[in-house]
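Reading through the structure tokens given below for one structure.
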Amino acid sequence: MSEEAVPPQSQLDVHDPSLTTFDLVAEGARRDGVEIAHYRLRFDPEQPKTRAEKRIERTIALCFLITGAAALAFVGIFGFWDWSYKSGAGADKWFTPLLGSAMGVALLGIGMGLVIWNKKLMPEEVAVQERHDGASSDEDRTLTAASLMNVVNDTGIRRRPLLKGAVAFGLAPVGLMAVAPLGAMIEDPKDDLLTTGFRKGVRLVRMDGSPLRPDDISAGGVETVFPGIPGGTTNKHADSPTLLLHLRETDAEKVIVRKDQEGFHHGNFYAYSKICTHAGCPASLYEQQTQRLLCPCHQSQFDVLRGCKPIFGPATRALPQLPITLDDEGFFIATSDYHEAIGPAFWERP
Amino acid sequence: MKLPKIKPAELPAKGAVWADDRLAAAGPLRRLMNKVFPDHWSFLLGEIALYSFVVLLLTGTFLTLFFDPSMTEVTYNGSYTPLHGIKVSQAYASSLNLSFDVRGGLIMRQIHHWAALLFMASILVHMFRVFFTGAFRRPRELNWLIGISLLILGMVEGFAGYSLPDDALSGTGLRIASAIMLSIPLIGSWVTFAIFGGEFPGDVILPRLYIAHVLIIPGLLVALISAHMALLVKQKHTQLPGRGHTEKNVVGHRMVPGFAAKAGGFFMIVFAVLALLGGWFQINPIWLFGPYEAGVVSAGSQPDFYIGWLDGSTRLWPAWEIHAFGYTVPAVFWPTVVLPGVVFTIAALWPFLEARFRKDHAHHNVLQRPRDVPWRTALGVMAITFLMVLIISGGNDVIAEKFDISLNAMTWAGRIGLILLPPLAYFITHRMCLGLQQHDRQILAHGVETGMIRRLPHGEFIEVHQPLPSGRSHMTDQLESRNGHGDHAGENADVHVDGHVDGHADGHGHVDVEEEYQQIPVPKKMNKLGVGGQSPPGFFRTIEDDGHAALPPATSEPRDPARSTTE
Amino acid sequence: MSISGKLRQRCRRFTVLVIALVALGGLYTALAPSSAAEDSAADAAKSSTAVAEGKQLFEQGCISCHGFGLQGIADRGPSLVGVGASSVEFQVSTGRMPLARQEAQAQRKPPKYSDAQVAALAAYVQSLGGGPQIPPGNLRGGKDDIVLGGELFRLNCASCHGLTAIGGALSSGKFAPSLKDATDRQIFAAMQTGPQSMPAFGDNQISQQQKKAIIAYVQSMKADKDPGGFGIGRTGPIPEGLVVFLVGIGALLVATLWIAGKS
């Protein structure tokens with residue numbers, strides 16, 4: 001390590017046979033700038049062991065023996081306990097707690113044994129180390145600076161302008177070359193953020209892919225629907241989950257549709273994007289009495305009766321509405337994709 | 001030819017000689033072994049973070065043997081029957097296998113997750129210790145910057161790990177992360193598409209997060225932790241003010257054997273606590289959450305606590321979206337990008353800001369007690385209060401549900417609290433610091449209350465005070481250098497000692513009493529002093545707060561052995 | 001549209017509903033297994049006495065809010081015509097009704113009526129205007145249904161009740177309750193009738209078989225002991241954060257004091 005050694009201007013002959021080990025330790029420390037200011041044996045090794053000393057020894061021994069037992073217990077539990085999952089409250093549910101207990105006790109035994117050993121048996125000590133902080137010496141600075149400056153002189157770059165230019169123009173592109181491969185990550189967003197899996201004529205389907213008729217959802221009910229296209233219910237179309245709400249007659253009478261969205265609903269059925277316009281969580285906590293949709297991530301609340309406009313929380317925009325109608329077989333279909341970008345906002349959002 | 005006989009007892013010595021012949025390591029090794037560590041408890045907080053990190057590396061390595069971050073869809077067929085046969089990602093399936101089909105996998109996962117939480121928690125606690133005692137001041141600004149980098153990297157690393165199992169919670173978190181990236185003006189959508197390889201979720205984000213989680217970020221963490229500790233060795237430890245502690249020394253234990261035994265023991269204790277947490281407290285039960293599906297969300301969706309404050313700020317931020325000239329700056333941008341940017345910038349620049357505004361450019365190796373720098377302590381508590389309001393707001397739905405409070409009321413309480421509580425915390429903390437200073441001054445003037453009541457001849461009752469041992473005044477000369485900077489005295493100038501203290505505050509903030517106020521701990525209780533000036537020490541009962549009563553003033557003769565007797 | 005026109009329209013709609021219900025009921029009796037048919041025949045014999053008993057209970061405990069003949073009283077309680085036995089059983093057996101006080105949402109509490117009384121009340125309400133009924137027999141799907149139940153639960157129920165069915169907050173003091181104490185019949189009735197804030201899930205949307213699967217999932221999840229030690233409420237990161245500070249940091253602070261303290 002980069003500690004500054006105190007120059008050994010001394011004095012002490014380290015080979016002097018009359019010196020004790022501690023004398024050598026103290027001398028070593030002194031040469032490293034450390035004064036052992038206070039050093040006291042807790043128990044005199046020359047005297048017979050006191051009862052207190054024996055008690056401490058036993059305690060430490062017990063710690064280590066407990067560790068041994070617990071470590072063996074860990075191995076035993078790990079190897080032989082019936083741990084395969086069974087529903088209910090069987091023995092397998094104790095596997096992890098028992099392993100944790102055994103491991104914890106084993107490690108705690110070592111830890112406590114070491115600490116007690118240190119605190120109770122090892123000599124009491126207070127050491128004082130000198131510090132020499134601050135900058136390097138003025139001489140060091142001057143000499144090192146000269147060495148560094150001389151690098152420039154040795155290359156002679158100052159009087160070789162051609163090389164100066166060549167280095168600048170020749171090597172700078174190497175930096176670009178180093179960064180360029182990251183360009184492989186760049187993808188053009190195109191209109192991916194503006195479109196979902198829905199288009200004209202695409203059916204609204206349930207999680208299992210089955211299409212829905214109006215009588216599949218009772219009044220006051222809600223169903224999560226997906227575009228009926230290949231992979232439409234998977235995460236490949238994470239922007240497409242939509243809430244299909246069937247309002248009660250009494251609620252439907254109160255609906256104020258948003259401008260330009262007059263024909264989007266079918267009877268009392270309204271389809272709104274499930275993806276919150278704030279941070280993209282599914283805003284799907286539907287309160288059918290108050291006709292609110294709540295997003296559980298940041299508590300934005302949307303008023304279903306007013307085109308899902310935000311009425312509380314950090315969301316700024318209404319949930320986009322999907323225009324729907326019925327096809328010839330009486331199943332719900334979209335009459336087009338959403339007319340606005342679904343989900344969280346971004347810079348270019350029109 | 002006759003082979004030399006091998007004597008096992010001589011092998012270590014011979015080995016050492018062999019190595020030293022080649023490395024000449026005896027000197028540097030001894031200097032390292034002789035490094036002195038202060039032994040105040042608060043210096044162990046950073047070690048918790050270090051040891052948690054070691055546990056993270058150990059358990060994390062185990063997990064990589066079984067985890068597969070692929071997002072390919074597979075049919076789950078493992079032991080956990082309630083999810084049998086459903087389509088999940090390979091990442092989720094292998095996380096389930098880790099929990100139910102790998103022997104001991106669940107406890108490894110749980111220890112790993114607890115260690116991650118403990119790593120972040122102990123970084124925070126350690127950082128507050130460094131802040132409140134002024135340990136970040138010159139010459140340690142660089143280490144403070146490294147620490148801030150470790151905190152930020154730890155957050156990113158933790159978030160990546162939280163996202164890997166691809167369960168419903170982690171998918172929700174990733175979706176919010178993508179919304180945050182999208183919100184960056186000008187480049188948001190391009191950044192998001194670059195990172196996710198297309199529109200959210202795509203099929204590359206988990207493999208990419210995985211390589212970040214197990215290689216890139218841990219590599220950076222290891223490098224920065226090494227630099228953090230190399231600087232610590234180079235610059236040596238700070239120390240709290242106390243008997244014999246000066247700007248020119250470090251008082252404590254040598255690394256070997258005293259400190260090493262304690263540190264080794266403490267590592268085992270940290271690991272033990274993590275093993276017990278991992279065994280007894282279930283964490284992140286992904287099998288209950290199910291796989292991530294874009295249409296699925298859960299009430300009470302939260303990130304881990306170290307991200308929680310940003311979730312809270314996002315919940316509290318009003319619906320302010322800027323939409324001008326055909327471009328949008330979403331509401332999410334301010335609380336999730338700008339706020340942490342500002343917080344971390346202020347935190348990183350703090351040592352420089354403080355030096356500039358306090359005009360304190362001196363070297364500092366002796367720390368300050370929080371009460372002696374009331375304005376900084378109060379600012380720190382103000383910042384903690386700010387973060388606490390945000391963290392609580394990050395769980396406001398759970399609190400609303402458990403304690404039957406309106407969710408909307410919780411949101412408003414958070415918004416108002418975020419503005420009102422931090423200044424209030426500043427004011428209260430400032431008063432408390434001054435009060436504590438004054439209490440110390442009273443003891444210096446009067447001594448320690450003994451609880452003994454005596455009746456004076458004219459009938460008045462008084463409590464007997466035990467005066468402080470006069471030896472304490474030895475501290476004066478050793479602290480000269482510290483007070484010589486002149487930047488502390490001003491702190492105390494506004495303290496007024498009230499009527500029943502026989503003294504007055506002079507222009508330098510010193511109380512004109514028997515014992516001078518020196519910004520170091522004073523004994524508060526009889527058991528720290530003893531009736532006869534002799535302490536009965538024991539578990540948790542240190543002779544003095546600073547833990548260095550045994551230290552004879554460096555200039556004086558060895559102490560009376562009777563006074564350092566311990567049992 | 002005039003008021004009478006509106007009324008006429010409602011009457012027409014009501015007639016259509018009644019016809020549809022009768023048709024459905026007929027279909028059900030025709031298709032239901034014979035044992036169920038026997039059950040319902042036996043029930044019919046009992047029902048007249050139950051209705052009378054229920055009427056008596058209603059007029060003692062419920063009439064002050066829900067009015068004479070279930071008509072409801074403005075600002076006190078809604079009409080109960082057509083809510084069905086299922087709804088009554090859910091509200092009364094969970095102790096939500098009778099209401100303790102007017103607040104954002106009725107709370108679960110110990111029920112005030114015995115099971116027999118609940119059945120009588122339900123029979124009385126059912127006798128005036130019909131409505132959804134809990135089907136007889138076992139309402140919990142078998143082991144093979146748990147997986148399907150889990151998928152349906154996560155998509156339809158978890159958003160409000162949470163993935164671990166511990167409940168969650170809704171807007172302005174309302175909440176989705178924890179399913180900790182919910183019985184099979186109560187969960188079934190809740191899905192069928194959509195009490196309070198909860199949307200109804202009709203049999204066309206989630207079939208009876210699927211409802212039983214959801215019940216099977218919820219009950220097996222509740223009964224399944226946590227394999228990783230204490231579940232700390234299965235509440236996710238919030239208690240986890242508390243534990244790491246209170247238990248983890250707490251224990252280690254004690255350890256630091258002990259290690260650094262003088263011996």
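In the structure tokens, chains take letters A, B, ... by order of appearance, with residues numbered from 1 within each chain and ligands from 1 in the order shown.
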
Quiz item: Counting only C-alpha atoms, which residues of chain B come no farther than 6 Å from chain C, as a ChimeraX atom specification?
Solution: /B:39-41,82-83,280-282,289,296-299,304-305,397,401,405-408,538,540,542

With N, CA and C atoms retained, write the just-selected residues as a tab-separated table (two decimals), in the first residue's frame.
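Now in part_25.tsv:
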```
chain	number	residue	atom	x	y	z
B	39	ASP	N	-12.56	2.87	16.40
B	39	ASP	CA	-13.49	1.81	16.77
B	39	ASP	C	-14.85	2.32	17.21
B	40	HIS	N	-15.28	3.46	16.68
B	40	HIS	CA	-16.64	3.90	16.96
B	40	HIS	C	-17.62	3.06	16.14
B	41	TRP	N	-18.78	2.78	16.73
B	41	TRP	CA	-19.73	1.87	16.05
B	41	TRP	C	-20.15	2.40	14.69
B	82	PRO	N	-50.05	-24.93	-9.29
B	82	PRO	CA	-51.05	-23.93	-9.67
B	82	PRO	C	-50.72	-23.19	-10.97
B	83	LEU	N	-49.51	-23.31	-11.48
B	83	LEU	CA	-49.18	-22.63	-12.74
B	83	LEU	C	-48.91	-23.63	-13.85
B	280	TRP	N	-36.47	-16.98	7.00
B	280	TRP	CA	-37.70	-16.77	7.76
B	280	TRP	C	-38.66	-15.77	7.15
B	281	PHE	N	-38.17	-14.87	6.32
B	281	PHE	CA	-39.07	-13.86	5.76
B	281	PHE	C	-39.16	-14.03	4.25
B	282	GLN	N	-40.35	-14.38	3.80
B	282	GLN	CA	-40.54	-14.59	2.37
B	282	GLN	C	-40.45	-13.26	1.63
B	289	PHE	N	-47.52	-14.09	-7.96
B	289	PHE	CA	-47.79	-12.96	-8.86
B	289	PHE	C	-48.14	-13.43	-10.27
B	296	VAL	N	-52.42	-7.56	-17.25
B	296	VAL	CA	-52.57	-7.89	-15.83
B	296	VAL	C	-51.89	-6.84	-14.97
B	297	VAL	N	-52.55	-6.44	-13.91
B	297	VAL	CA	-51.93	-5.54	-12.95
B	297	VAL	C	-52.50	-5.87	-11.59
B	298	SER	N	-51.78	-5.50	-10.56
B	298	SER	CA	-52.25	-5.79	-9.21
B	298	SER	C	-52.44	-4.50	-8.44
B	299	ALA	N	-53.50	-4.47	-7.63
B	299	ALA	CA	-53.60	-3.39	-6.66
B	299	ALA	C	-52.35	-3.44	-5.79
B	304	ASP	N	-39.19	-1.88	-5.12
B	304	ASP	CA	-38.44	-1.99	-3.87
B	304	ASP	C	-38.19	-0.58	-3.31
B	305	PHE	N	-37.84	-0.52	-2.00
B	305	PHE	CA	-37.90	0.79	-1.34
B	305	PHE	C	-36.96	1.84	-1.94
B	397	ASP	N	-51.23	3.72	-1.39
B	397	ASP	CA	-52.43	2.90	-1.58
B	397	ASP	C	-52.51	1.79	-0.54
B	401	GLU	N	-55.35	1.49	2.33
B	401	GLU	CA	-56.17	0.29	2.49
B	401	GLU	C	-56.06	-0.28	3.89
B	405	ILE	N	-57.95	4.84	5.17
B	405	ILE	CA	-57.90	6.26	4.86
B	405	ILE	C	-58.25	6.40	3.39
B	406	SER	N	-58.83	7.53	3.02
B	406	SER	CA	-59.13	7.73	1.60
B	406	SER	C	-57.84	7.88	0.81
B	407	LEU	N	-57.79	7.16	-0.33
B	407	LEU	CA	-56.61	7.21	-1.18
B	407	LEU	C	-56.35	8.64	-1.67
B	408	ASN	N	-57.43	9.32	-2.03
B	408	ASN	CA	-57.27	10.68	-2.53
B	408	ASN	C	-56.74	11.59	-1.43
B	538	GLY	N	-18.89	-1.94	31.00
B	538	GLY	CA	-19.52	-3.22	30.70
B	538	GLY	C	-20.19	-3.18	29.35
B	540	PHE	N	-22.29	-2.32	26.42
B	540	PHE	CA	-23.07	-1.15	26.02
B	540	PHE	C	-22.89	0.03	26.96
B	542	THR	N	-20.26	2.31	27.73
B	542	THR	CA	-18.91	2.76	27.46
B	542	THR	C	-18.55	3.80	28.49
```

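Counting only C-alpha atoms, Val448 in chain B has the following residues at most 6 Å away, ignoring those fewer than 5 positions along the same chain: Ile443, His465 and Gln466 of chain B.
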
With N, CA and C atoms retained, write the just-selected residues as a PDB file, in the first residue's frame.
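Result written to selection.pdb:
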```pdb
ATOM      1  N   ILE B 443     -23.547  20.530  31.765  1.00  0.00           N
ATOM      2  CA  ILE B 443     -22.776  19.501  32.473  1.00  0.00           C
ATOM      3  C   ILE B 443     -21.349  19.977  32.693  1.00  0.00           C
ATOM      4  N   HIS B 465     -24.214  17.714  42.380  1.00  0.00           N
ATOM      5  CA  HIS B 465     -23.629  17.448  41.065  1.00  0.00           C
ATOM      6  C   HIS B 465     -22.219  16.929  41.222  1.00  0.00           C
ATOM      7  N   GLN B 466     -21.923  15.890  40.460  1.00  0.00           N
ATOM      8  CA  GLN B 466     -20.565  15.348  40.471  1.00  0.00           C
ATOM      9  C   GLN B 466     -19.746  16.118  39.447  1.00  0.00           C
TER      10      GLN B 466
END
```

Self-check item: chain C contacts on chain A, only C-alpha atoms, 6 Å, as a PyMOL selection string
Solution: chain A and resi 87-89+93+96-97+119+216-218+220-221+285+287-289

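Near Ile225 in chain B, within a cut-off of 9 Å and counting only C-alpha atoms, sit the residues Leu50, Ile146, Gly147, Leu150, Leu220, Leu221, Val222, His228, Met229 and Ala230 of chain B, with same-chain residues fewer than 3 positions away left out.
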
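Going from CA of Phe53 in chain B to CA of Leu117 in chain B covers 10.5 Å.
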
Quiz item: What's the 10 Å shell around Met127 in chain B, counting only C-alpha atoms, without same-chain residues fewer than 4 positions away, as a list in words?
Solution: Leu45, Gly46, Ala121, Ser122, Ile123, Phe131, Phe132, Ala135, Phe136, Trp144, Gly147, Ile148 and Leu151 of chain B

Output file for the residues above (N, CA and C atoms, as a compact mmCIF listing (two decimals), in the first residue's frame):
```txt
# COMPACT_ATOMS: atom_id res chain seq x y z
N LEU B 45 -20.94 0.96 9.69
CA LEU B 45 -22.13 0.96 8.83
C LEU B 45 -21.77 0.68 7.37
N GLY B 46 -20.68 1.31 6.92
CA GLY B 46 -20.26 1.07 5.54
C GLY B 46 -19.85 -0.38 5.34
N ALA B 121 -29.93 -0.25 1.85
CA ALA B 121 -30.26 0.38 3.13
C ALA B 121 -28.99 0.80 3.86
N SER B 122 -27.97 -0.06 3.85
CA SER B 122 -26.77 0.29 4.60
C SER B 122 -25.97 1.38 3.89
N ILE B 123 -26.04 1.42 2.55
CA ILE B 123 -25.40 2.54 1.84
C ILE B 123 -26.02 3.85 2.32
N PHE B 131 -22.52 12.19 6.05
CA PHE B 131 -23.02 13.55 5.89
C PHE B 131 -23.09 14.29 7.22
N PHE B 132 -23.73 13.66 8.20
CA PHE B 132 -23.99 14.36 9.45
C PHE B 132 -22.72 14.67 10.24
N ALA B 135 -17.85 14.08 7.22
CA ALA B 135 -16.70 13.28 6.78
C ALA B 135 -16.40 13.47 5.29
N PHE B 136 -17.30 14.14 4.58
CA PHE B 136 -17.12 14.32 3.14
C PHE B 136 -16.23 15.51 2.81
N TRP B 144 -16.57 10.77 -1.55
CA TRP B 144 -18.01 11.07 -1.51
C TRP B 144 -18.62 10.89 -2.89
N GLY B 147 -18.97 7.35 -3.62
CA GLY B 147 -20.11 6.82 -2.86
C GLY B 147 -21.43 7.12 -3.54
N ILE B 148 -21.60 8.36 -4.02
CA ILE B 148 -22.84 8.71 -4.71
C ILE B 148 -23.00 7.84 -5.95
N LEU B 151 -24.23 4.51 -4.96
CA LEU B 151 -25.66 4.54 -4.63
C LEU B 151 -26.51 4.46 -5.89
```

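Between CA of Phe264 in chain A and CA of Asp303 in chain A the interatomic distance comes to 16.6 Å.
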
Show me, as a PDB file with C-alpha atoms, in the first residue's frame, the residues that have an atom within 12 Å of Gly209 in chain A when counting only C-alpha atoms, minus same-chain residues fewer than 5 positions from it.
```pdb
ATOM      1  CA  ARG A 203     -62.612  -8.866 -33.579  1.00  0.00           C
ATOM      2  CA  LEU A 204     -62.437  -8.106 -29.873  1.00  0.00           C
ATOM      3  CA  THR A 224     -60.497  -7.215 -20.884  1.00  0.00           C
ATOM      4  CA  VAL A 225     -60.388  -7.735 -24.639  1.00  0.00           C
ATOM      5  CA  PHE A 226     -57.545  -8.148 -27.106  1.00  0.00           C
ATOM      6  CA  PRO A 227     -57.283  -7.863 -30.884  1.00  0.00           C
ATOM      7  CA  GLY A 228     -58.342 -11.105 -32.549  1.00  0.00           C
ATOM      8  CA  ILE A 229     -55.153 -11.452 -34.575  1.00  0.00           C
ATOM      9  CA  PRO A 230     -52.354 -14.015 -34.249  1.00  0.00           C
ATOM     10  CA  GLY A 231     -50.495 -13.289 -31.023  1.00  0.00           C
ATOM     11  CA  GLY A 232     -53.033 -10.607 -30.156  1.00  0.00           C
ATOM     12  CA  THR A 233     -53.443 -11.789 -26.575  1.00  0.00           C
ATOM     13  CA  THR A 234     -49.694 -12.129 -25.918  1.00  0.00           C
TER      14      THR A 234
END
```

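Among the candidates B:Phe357, B:Tyr51, B:Trp309, B:Phe37, the residue lying nearest to Asn396 in chain B is B:Trp309 (atoms considered: only C-alpha atoms).
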
Practice problem: Compile the contact shell of His253 in chain B as a VMD selection string: residues with an atom at most 9 Å away, counting only C-alpha atoms, same-chain residues fewer than 5 positions apart removed. | Solution: (chain A and resid 36 125 to 128) or (chain B and resid 34 to 39 258 to 259)

Generate a file of the selected residues that holds C-alpha atoms, formatted as a PDB file, in the first residue's frame.
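Final file, selection04.pdb:
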```pdb
ATOM      1  CA  ILE A  36       0.845   1.680  20.602  1.00  0.00           C
ATOM      2  CA  GLU A 125      -5.027  -1.786  22.833  1.00  0.00           C
ATOM      3  CA  VAL A 126      -5.179   1.798  21.769  1.00  0.00           C
ATOM      4  CA  ALA A 127      -2.945   2.663  18.863  1.00  0.00           C
ATOM      5  CA  VAL A 128      -2.282   6.120  17.545  1.00  0.00           C
TER       6      VAL A 128
ATOM      7  CA  ASN B  34      -0.417  -1.610  11.258  1.00  0.00           C
ATOM      8  CA  LYS B  35      -3.079   0.627   9.730  1.00  0.00           C
ATOM      9  CA  VAL B  36      -5.142   2.020  12.577  1.00  0.00           C
ATOM     10  CA  PHE B  37      -8.952   1.841  12.472  1.00  0.00           C
ATOM     11  CA  PRO B  38     -11.149   3.961  14.740  1.00  0.00           C
ATOM     12  CA  ASP B  39     -13.494   1.809  16.774  1.00  0.00           C
ATOM     13  CA  GLY B 258      -7.820  -6.393  16.746  1.00  0.00           C
ATOM     14  CA  PHE B 259      -9.699  -4.898  13.866  1.00  0.00           C
TER      15      PHE B 259
END
```

Self-check item: Residues near range 326-341 of chain A, cut-off 7 Å, only C-alpha atoms, skip fewer than 3 positions along chain, as number ranges by chain
Solution: A: 193-196, 198-204, 211-213, 320-323

Quiz prompt | Closest of A:Ala166, A:Leu176, A:Val105, A:Ala271 to chain B - atom-to-atom distances counting only C-alpha atoms | solution =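 Closest residue, counting only C-alpha atoms: A:Val105.
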
Practice problem: Run DSSP on the backbone and give me the residues of range 48-267 of chain A it puts in alpha helix (DSSP H), as number ranges by chain. | Solution: A: 51-80, 95-116, 138-155, 161-179, 249-252
